[in-house]
$ cat query.pdb   # PDB, C-alpha atoms
ATOM      1  CA  MET A   1     -14.146  -5.484  13.444
ATOM      2  CA  GLU A   2     -13.675  -1.818  14.373
ATOM      3  CA  ASN A   3     -13.345  -0.866  10.716
ATOM      4  CA  ASN A   4     -16.905  -2.086  10.005
ATOM      5  CA  ILE A   5     -18.554   0.207  12.553
ATOM      6  CA  ASP A   6     -21.543   2.046  11.135
ATOM      7  CA  PHE A   7     -20.656   5.546  12.276
ATOM      8  CA  LYS A   8     -24.137   6.934  11.498
ATOM      9  CA  ASP A   9     -25.814   4.682  14.071
ATOM     10  CA  LEU A  10     -23.205   5.416  16.721
ATOM     11  CA  TRP A  11     -23.356   9.110  15.958
ATOM     12  CA  LYS A  12     -27.127   9.146  16.549
ATOM     13  CA  LYS A  13     -26.581   7.712  20.045
ATOM     14  CA  GLN A  14     -24.266  10.556  21.050
ATOM     15  CA  SER A  15     -25.294  13.793  22.665
ATOM     16  CA  ILE A  16     -23.740  15.799  19.804
ATOM     17  CA  THR A  17     -26.353  17.468  17.626
ATOM     18  CA  GLN A  18     -27.432  15.553  14.513
ATOM     19  CA  PRO A  19     -26.950  18.351  11.909
ATOM     20  CA  ASP A  20     -23.151  17.980  12.207
ATOM     21  CA  ILE A  21     -23.151  14.527  10.579
ATOM     22  CA  ASN A  22     -25.752  15.608   8.032
ATOM     23  CA  GLU A  23     -23.609  18.610   7.170
ATOM     24  CA  LEU A  24     -20.578  16.355   6.703
ATOM     25  CA  MET A  25     -22.548  13.997   4.448
ATOM     26  CA  ASP A  26     -23.785  17.004   2.438
ATOM     27  CA  LYS A  27     -20.180  18.172   2.013
ATOM     28  CA  LEU A  28     -19.201  14.680   0.867
ATOM     29  CA  LYS A  29     -22.053  14.623  -1.673
ATOM     30  CA  HIS A  30     -21.089  18.100  -2.881
ATOM     31  CA  PHE A  31     -17.441  17.021  -3.232
ATOM     32  CA  LYS A  32     -18.482  13.962  -5.245
ATOM     33  CA  LYS A  33     -20.832  15.965  -7.468
ATOM     34  CA  THR A  34     -18.374  18.791  -8.211
ATOM     35  CA  SER A  35     -15.504  16.322  -8.770
ATOM     36  CA  LEU A  36     -17.541  14.322 -11.277
ATOM     37  CA  ARG A  37     -18.653  17.533 -13.008
ATOM     38  CA  ARG A  38     -15.025  18.714 -13.262
ATOM     39  CA  LEU A  39     -13.969  15.319 -14.620
ATOM     40  CA  ILE A  40     -16.676  15.423 -17.308
ATOM     41  CA  LEU A  41     -15.836  19.039 -18.201
ATOM     42  CA  THR A  42     -12.130  18.177 -18.525
ATOM     43  CA  ASN A  43     -13.030  15.275 -20.823
ATOM     44  CA  VAL A  44     -15.224  17.466 -23.010
ATOM     45  CA  MET A  45     -12.621  20.237 -23.233
ATOM     46  CA  LEU A  46      -9.653  17.976 -24.026
ATOM     47  CA  ILE A  47     -11.581  15.868 -26.536
ATOM     48  CA  ALA A  48     -12.849  19.054 -28.237
ATOM     49  CA  THR A  49      -9.264  20.389 -28.303
ATOM     50  CA  CYS A  50      -8.016  17.146 -29.888
ATOM     51  CA  VAL A  51     -10.762  17.294 -32.516
ATOM     52  CA  LEU A  52      -9.937  20.948 -33.240
ATOM     53  CA  ILE A  53      -6.217  20.146 -33.616
ATOM     54  CA  LEU A  54      -6.992  17.277 -36.006
ATOM     55  CA  LEU A  55      -9.364  19.503 -38.018
ATOM     56  CA  ILE A  56      -6.614  22.130 -38.301
ATOM     57  CA  TRP A  57      -4.273  19.398 -39.568
ATOM     58  CA  PHE A  58      -6.857  18.265 -42.105
ATOM     59  CA  TYR A  59      -7.845  21.775 -43.223
ATOM     60  CA  TYR A  60      -4.418  23.446 -43.411
ATOM     61  CA  GLN A  61      -2.419  20.382 -44.518
ATOM     62  CA  PRO A  62       0.932  21.212 -42.874
ATOM     63  CA  GLN A  63       3.927  20.350 -45.035
ATOM     64  CA  TRP A  64       6.703  19.976 -42.479
ATOM     65  CA  VAL A  65       7.292  16.781 -40.529
ATOM     66  CA  SER A  66       7.920  18.820 -37.351
ATOM     67  CA  THR A  67       4.379  20.217 -37.525
ATOM     68  CA  LYS A  68       2.884  16.739 -37.892
ATOM     69  CA  ILE A  69       5.006  15.382 -35.030
ATOM     70  CA  GLY A  70       3.871  18.322 -32.875
ATOM     71  CA  ILE A  71       0.214  17.567 -33.618
ATOM     72  CA  VAL A  72       0.636  13.862 -32.884
ATOM     73  CA  LEU A  73       2.464  14.596 -29.610
ATOM     74  CA  ASN A  74      -0.210  17.029 -28.440
ATOM     75  CA  VAL A  75      -3.128  14.735 -29.261
ATOM     76  CA  ALA A  76      -1.326  11.718 -27.773
ATOM     77  CA  ILE A  77      -0.478  13.425 -24.463
ATOM     78  CA  MET A  78      -4.054  14.701 -24.102
ATOM     79  CA  ALA A  79      -5.383  11.177 -24.703
ATOM     80  CA  ILE A  80      -2.904   9.687 -22.198
ATOM     81  CA  TYR A  81      -3.757  12.336 -19.608
ATOM     82  CA  LEU A  82      -7.480  11.642 -20.020
ATOM     83  CA  PHE A  83      -6.888   7.896 -19.718
ATOM     84  CA  VAL A  84      -5.095   8.377 -16.389
ATOM     85  CA  TYR A  85      -7.446  11.130 -15.165
ATOM     86  CA  ASN A  86     -10.555   9.065 -15.903
ATOM     87  CA  LYS A  87      -9.415   6.419 -13.415
ATOM     88  CA  LEU A  88     -10.745   8.837 -10.792
ATOM     89  CA  PHE A  89     -14.262   8.318 -12.169
ATOM     90  CA  ASP A  90     -14.654   4.923 -10.478
ATOM     91  CA  ALA A  91     -13.182   6.292  -7.250
ATOM     92  CA  TYR A  92     -15.726   9.134  -7.158
ATOM     93  CA  LYS A  93     -18.618   6.834  -8.081
ATOM     94  CA  ALA A  94     -17.608   4.389  -5.324
ATOM     95  CA  ILE A  95     -18.506   6.951  -2.655
ATOM     96  CA  ASP A  96     -22.072   6.170  -1.592
ATOM     97  CA  ASN A  97     -24.269   6.765   1.418
ATOM     98  CA  THR A  98     -24.161   3.209   2.773
ATOM     99  CA  ASP A  99     -20.459   3.116   3.647
ATOM    100  CA  SER A 100     -19.043   3.022   7.139
ATOM    101  CA  ASN A 101     -16.844   5.860   8.362
ATOM    102  CA  ALA A 102     -13.688   3.794   7.786
ATOM    103  CA  ALA A 103     -14.799   3.048   4.208
ATOM    104  CA  TYR A 104     -15.423   6.727   3.497
ATOM    105  CA  LEU A 105     -12.024   7.572   4.921
ATOM    106  CA  GLN A 106     -10.283   4.844   2.909
ATOM    107  CA  LYS A 107     -11.947   5.968  -0.333
ATOM    108  CA  LEU A 108     -11.077   9.631   0.245
ATOM    109  CA  ILE A 109      -7.438   8.723   0.954
ATOM    110  CA  ALA A 110      -7.362   6.628  -2.256
ATOM    111  CA  ILE A 111      -8.720   9.620  -4.218
ATOM    112  CA  LYS A 112      -6.112  11.899  -2.631
ATOM    113  CA  THR A 113      -3.325   9.487  -3.625
ATOM    114  CA  LYS A 114      -4.541   9.425  -7.235
ATOM    115  CA  GLN A 115      -4.907  13.216  -7.257
ATOM    116  CA  LYS A 116      -1.363  13.612  -5.946
ATOM    117  CA  PHE A 117      -0.004  11.454  -8.786
ATOM    118  CA  LEU A 118      -1.994  13.483 -11.327
ATOM    119  CA  GLN A 119      -0.925  16.823  -9.824
ATOM    120  CA  SER A 120       2.769  15.953  -9.713
ATOM    121  CA  LYS A 121       4.162  13.373 -12.134
ATOM    122  CA  MET A 122       1.339  13.212 -14.674
ATOM    123  CA  LEU A 123       0.859  16.966 -14.958
ATOM    124  CA  SER A 124       4.621  17.507 -15.278
ATOM    125  CA  ILE A 125       4.841  14.993 -18.134
ATOM    126  CA  TYR A 126       1.715  16.497 -19.696
ATOM    127  CA  PHE A 127       3.116  20.048 -19.701
ATOM    128  CA  LEU A 128       6.556  18.995 -20.960
ATOM    129  CA  VAL A 129       5.194  16.982 -23.887
ATOM    130  CA  LEU A 130       2.507  19.568 -24.662
ATOM    131  CA  GLY A 131       5.067  22.387 -24.646
ATOM    132  CA  PHE A 132       7.488  20.463 -26.853
ATOM    133  CA  GLY A 133       4.674  19.472 -29.234
ATOM    134  CA  LEU A 134       3.461  23.061 -29.412
ATOM    135  CA  CYS A 135       6.960  24.335 -30.217
ATOM    136  CA  LEU A 136       7.279  21.774 -33.025
ATOM    137  CA  TYR A 137       3.817  22.635 -34.321
ATOM    138  CA  MET A 138       4.497  26.384 -34.361
ATOM    139  CA  TYR A 139       7.869  26.098 -36.112
ATOM    140  CA  GLU A 140       6.486  25.772 -39.656
ATOM    141  CA  TYR A 141       4.251  28.806 -39.273
ATOM    142  CA  THR A 142       6.703  31.022 -37.383
ATOM    143  CA  ALA A 143       9.365  30.261 -40.019
ATOM    144  CA  MET A 144       7.154  32.091 -42.522
ATOM    145  CA  MET A 145       7.073  35.204 -40.320
ATOM    146  CA  ALA A 146       9.629  37.935 -39.934
ATOM    147  CA  LEU A 147      12.206  37.046 -37.280
ATOM    148  CA  PHE A 148      10.753  39.550 -34.801
ATOM    149  CA  TRP A 149       7.221  38.117 -35.063
ATOM    150  CA  GLY A 150       8.482  34.542 -34.851
ATOM    151  CA  ILE A 151      10.354  35.318 -31.641
ATOM    152  CA  PHE A 152       7.338  37.272 -30.380
ATOM    153  CA  ALA A 153       5.029  34.270 -30.986
ATOM    154  CA  TYR A 154       7.333  31.907 -29.098
ATOM    155  CA  THR A 155       7.814  34.443 -26.287
ATOM    156  CA  ILE A 156       4.054  34.878 -25.797
ATOM    157  CA  THR A 157       3.602  31.098 -25.832
ATOM    158  CA  PHE A 158       6.426  30.666 -23.294
ATOM    159  CA  PHE A 159       4.995  33.307 -20.937
ATOM    160  CA  TRP A 160       1.502  31.820 -21.186
ATOM    161  CA  GLY A 161       2.905  28.380 -20.315
ATOM    162  CA  ALA A 162       4.877  29.866 -17.405
ATOM    163  CA  PHE A 163       1.747  31.675 -16.143
ATOM    164  CA  VAL A 164      -0.269  28.453 -16.238
ATOM    165  CA  TRP A 165       2.525  26.378 -14.641
ATOM    166  CA  PHE A 166       3.652  28.782 -11.916
ATOM    167  CA  TYR A 167       0.385  30.588 -11.102
ATOM    168  CA  LEU A 168      -2.786  28.785 -12.215
ATOM    169  CA  ARG A 169      -1.632  25.182 -11.607
ATOM    170  CA  PRO A 170      -0.499  25.705  -7.977
ATOM    171  CA  ARG A 171      -3.702  27.588  -7.129
ATOM    172  CA  GLN A 172      -5.841  24.783  -8.563
ATOM    173  CA  ILE A 173      -3.809  22.141  -6.723
ATOM    174  CA  VAL A 174      -4.176  23.986  -3.400
ATOM    175  CA  LYS A 175      -7.921  24.370  -3.989
ATOM    176  CA  GLU A 176      -8.396  20.657  -4.799
ATOM    177  CA  ASN A 177      -6.226  19.507  -1.881
ATOM    178  CA  LEU A 178      -7.981  21.795   0.587
ATOM    179  CA  LYS A 179     -11.375  20.270  -0.238
ATOM    180  CA  ILE A 180     -10.283  16.660   0.138
ATOM    181  CA  ASP A 181      -7.999  17.311   3.123
ATOM    182  CA  ASN A 182     -10.886  18.968   4.952
ATOM    183  CA  LEU A 183     -13.118  15.932   4.370
ATOM    184  CA  ILE A 184     -10.371  13.466   5.315
ATOM    185  CA  ASP A 185      -9.660  15.394   8.508
ATOM    186  CA  LYS A 186     -13.321  15.398   9.571
ATOM    187  CA  PHE A 187     -13.835  11.707   8.814
ATOM    188  CA  GLN A 188     -10.549  10.875  10.585
ATOM    189  CA  ARG A 189     -11.642  12.754  13.717
ATOM    190  CA  ILE A 190     -15.004  10.957  13.717
ATOM    191  CA  ASN A 191     -13.258   7.615  13.166
ATOM    192  CA  ASP A 192     -10.850   8.280  16.060
ATOM    193  CA  GLN A 193     -13.742   9.286  18.327
ATOM    194  CA  LEU A 194     -15.796   6.208  17.420
ATOM    195  CA  GLU A 195     -12.839   3.857  17.937
ATOM    196  CA  THR A 196     -12.228   5.417  21.358
ATOM    197  CA  GLU A 197     -15.846   4.903  22.371
ATOM    198  CA  ALA A 198     -16.021   1.374  20.948
TER
END
$ encode --input "query.pdb" --output "structure tokens"
Amino acid sequence: MENNIDFKDLWKKQSITQPDINELMDKLKHFKKTSLRRLILTNVMLIATCVLILLIWFYYQPQWVSTKIGIVLNVAIMAIYLFVYNKLFDAYKAIDNTDSNAAYLQKLIAIKTKQKFLQSKMLSIYFLVLGFGLCLYMYEYTAMMALFWGIFAYTITFFWGAFVWFYLRPRQIVKENLKIDNLIDKFQRINDQLETEA
């Protein structure tokens, strides 16, 4: 029964000023809006990348099997990543203004669990397959270069991948986790306070 408490009504009865709950609801709406926008942007970017890769295949007609395998691996891992990532869409859409505090908290924790899976296992698989596919794809074209330029191309690609993996990825993960952890913490504190008073 405690889990179905409407925290908005109880909050109004308290002596604490009303803008605090409104501010929290605004932060929740902002989180939902920016998360959905990021999800849509990721979809657009990865689908456009897949289309570009397939157009390159069609236009340049690679001859080596390794190049074709690299293309297939890259397009496949992007499609798989989007399939898993898009499961967050329903979780974000499920957050609405009529939920109780416990429901908000439960939905935010569910989103955090899905994000954690994406940020750890899924992203690791994504980068490994993408890196391997890219190396296979590049092999045909770097084989036509002088040895120095072939090694240079792979070195630049390796350092870019390392920069993304060791610098950009952790920063993005911290940023995403900070937003949701902040919301979870605030809803948890309200939930604890309301359960104490009930």
$ atom_distance --input "query.pdb" --atom1 "atom CA of Phe152 of chain A" --atom2 "atom CA of Gln172 of chain A"
28.4 Å
$ atom_distance --input "query.pdb" --atom1 "atom CA of Ala146 of chain A" --atom2 "atom CA of Ala162 of chain A"
24.4 Å
$ closest_residue --input "query.pdb" --among "A:Asn177, A:Asn101, A:Gln61, A:Thr34" --to "Gln193 of chain A" --atoms "all atoms listed in the file"
A:Asn101
$ resolve_selection --input "query.pdb" --expression "the PyMOL selection byres ((chain A and resi 38) around 12)" --output "list in words"
Phe31, Lys32, Lys33, Thr34, Ser35, Leu36, Arg37, Leu39, Ile40, Leu41, Thr42, Asn43, Val44, Met45, Tyr85, Asn86, Leu88, Phe89, Tyr92, Gln172 and Glu176 of chain A
$ residues_around --input "query.pdb" --residues "Ile47 of chain A" --least-positions-apart "4" --cutoff "10 Å" --atoms "all atoms listed in the file" --output "VMD selection string"
chain A and resid 41 to 43 51 to 53 75 78 to 79 82
$ write_last_selection --input "query.pdb" --atoms "C-alpha atoms" --output "PDB file, in the coordinates of the input"
ATOM      1  CA  LEU A  41     -15.836  19.039 -18.201  1.00  0.00           C
ATOM      2  CA  THR A  42     -12.130  18.177 -18.525  1.00  0.00           C
ATOM      3  CA  ASN A  43     -13.030  15.275 -20.823  1.00  0.00           C
ATOM      4  CA  VAL A  51     -10.762  17.294 -32.516  1.00  0.00           C
ATOM      5  CA  LEU A  52      -9.937  20.948 -33.240  1.00  0.00           C
ATOM      6  CA  ILE A  53      -6.217  20.146 -33.616  1.00  0.00           C
ATOM      7  CA  VAL A  75      -3.128  14.735 -29.261  1.00  0.00           C
ATOM      8  CA  MET A  78      -4.054  14.701 -24.102  1.00  0.00           C
ATOM      9  CA  ALA A  79      -5.383  11.177 -24.703  1.00  0.00           C
ATOM     10  CA  LEU A  82      -7.480  11.642 -20.020  1.00  0.00           C
TER      11      LEU A  82
END
$ closest_residue --input "query.pdb" --among "A:Leu183, A:Leu108, A:Ile151, A:Leu134" --to "Lys68 of chain A" --atoms "all atoms listed in the file"
A:Leu134
$ closest_residue --input "query.pdb" --among "A:Val164, A:Leu55, A:Pro62, A:Ala91" --to "Tyr104 of chain A" --atoms "only C-alpha atoms"
A:Ala91
$ atom_distance --input "query.pdb" --atom1 "atom CA of Ile71 of chain A" --atom2 "atom CA of Met145 of chain A"
20.1 Å
$ resolve_selection --input "query.pdb" --expression "the PyMOL selection byres ((chain A and resi 116) around 12)" --output "MDAnalysis selection string"
chainID A and resid 85 88 109:115 117:124 173:174 176:177 180:181
$ write_last_selection --input "query.pdb" --atoms "C-alpha atoms" --output "short mmCIF file (atom, residue, chain, number, x, y, z; two decimals), in the frame of the given file"
data_model
loop_
_atom_site.label_atom_id
_atom_site.label_comp_id
_atom_site.auth_asym_id
_atom_site.auth_seq_id
_atom_site.Cartn_x
_atom_site.Cartn_y
_atom_site.Cartn_z
CA TYR A 85 -7.45 11.13 -15.16
CA LEU A 88 -10.74 8.84 -10.79
CA ILE A 109 -7.44 8.72 0.95
CA ALA A 110 -7.36 6.63 -2.26
CA ILE A 111 -8.72 9.62 -4.22
CA LYS A 112 -6.11 11.90 -2.63
CA THR A 113 -3.32 9.49 -3.62
CA LYS A 114 -4.54 9.43 -7.24
CA GLN A 115 -4.91 13.22 -7.26
CA PHE A 117 0.00 11.45 -8.79
CA LEU A 118 -1.99 13.48 -11.33
CA GLN A 119 -0.92 16.82 -9.82
CA SER A 120 2.77 15.95 -9.71
CA LYS A 121 4.16 13.37 -12.13
CA MET A 122 1.34 13.21 -14.67
CA LEU A 123 0.86 16.97 -14.96
CA SER A 124 4.62 17.51 -15.28
CA ILE A 173 -3.81 22.14 -6.72
CA VAL A 174 -4.18 23.99 -3.40
CA GLU A 176 -8.40 20.66 -4.80
CA ASN A 177 -6.23 19.51 -1.88
CA ILE A 180 -10.28 16.66 0.14
CA ASP A 181 -8.00 17.31 3.12
#
$ residues_around --input "query.pdb" --residues "Cys135 of chain A" --least-positions-apart "2" --cutoff "9 Å" --atoms "only C-alpha atoms" --output "list in words"
Thr67, Gly70, Leu130, Gly131, Phe132, Gly133, Tyr137, Met138, Tyr139, Tyr154 and Thr157 of chain A
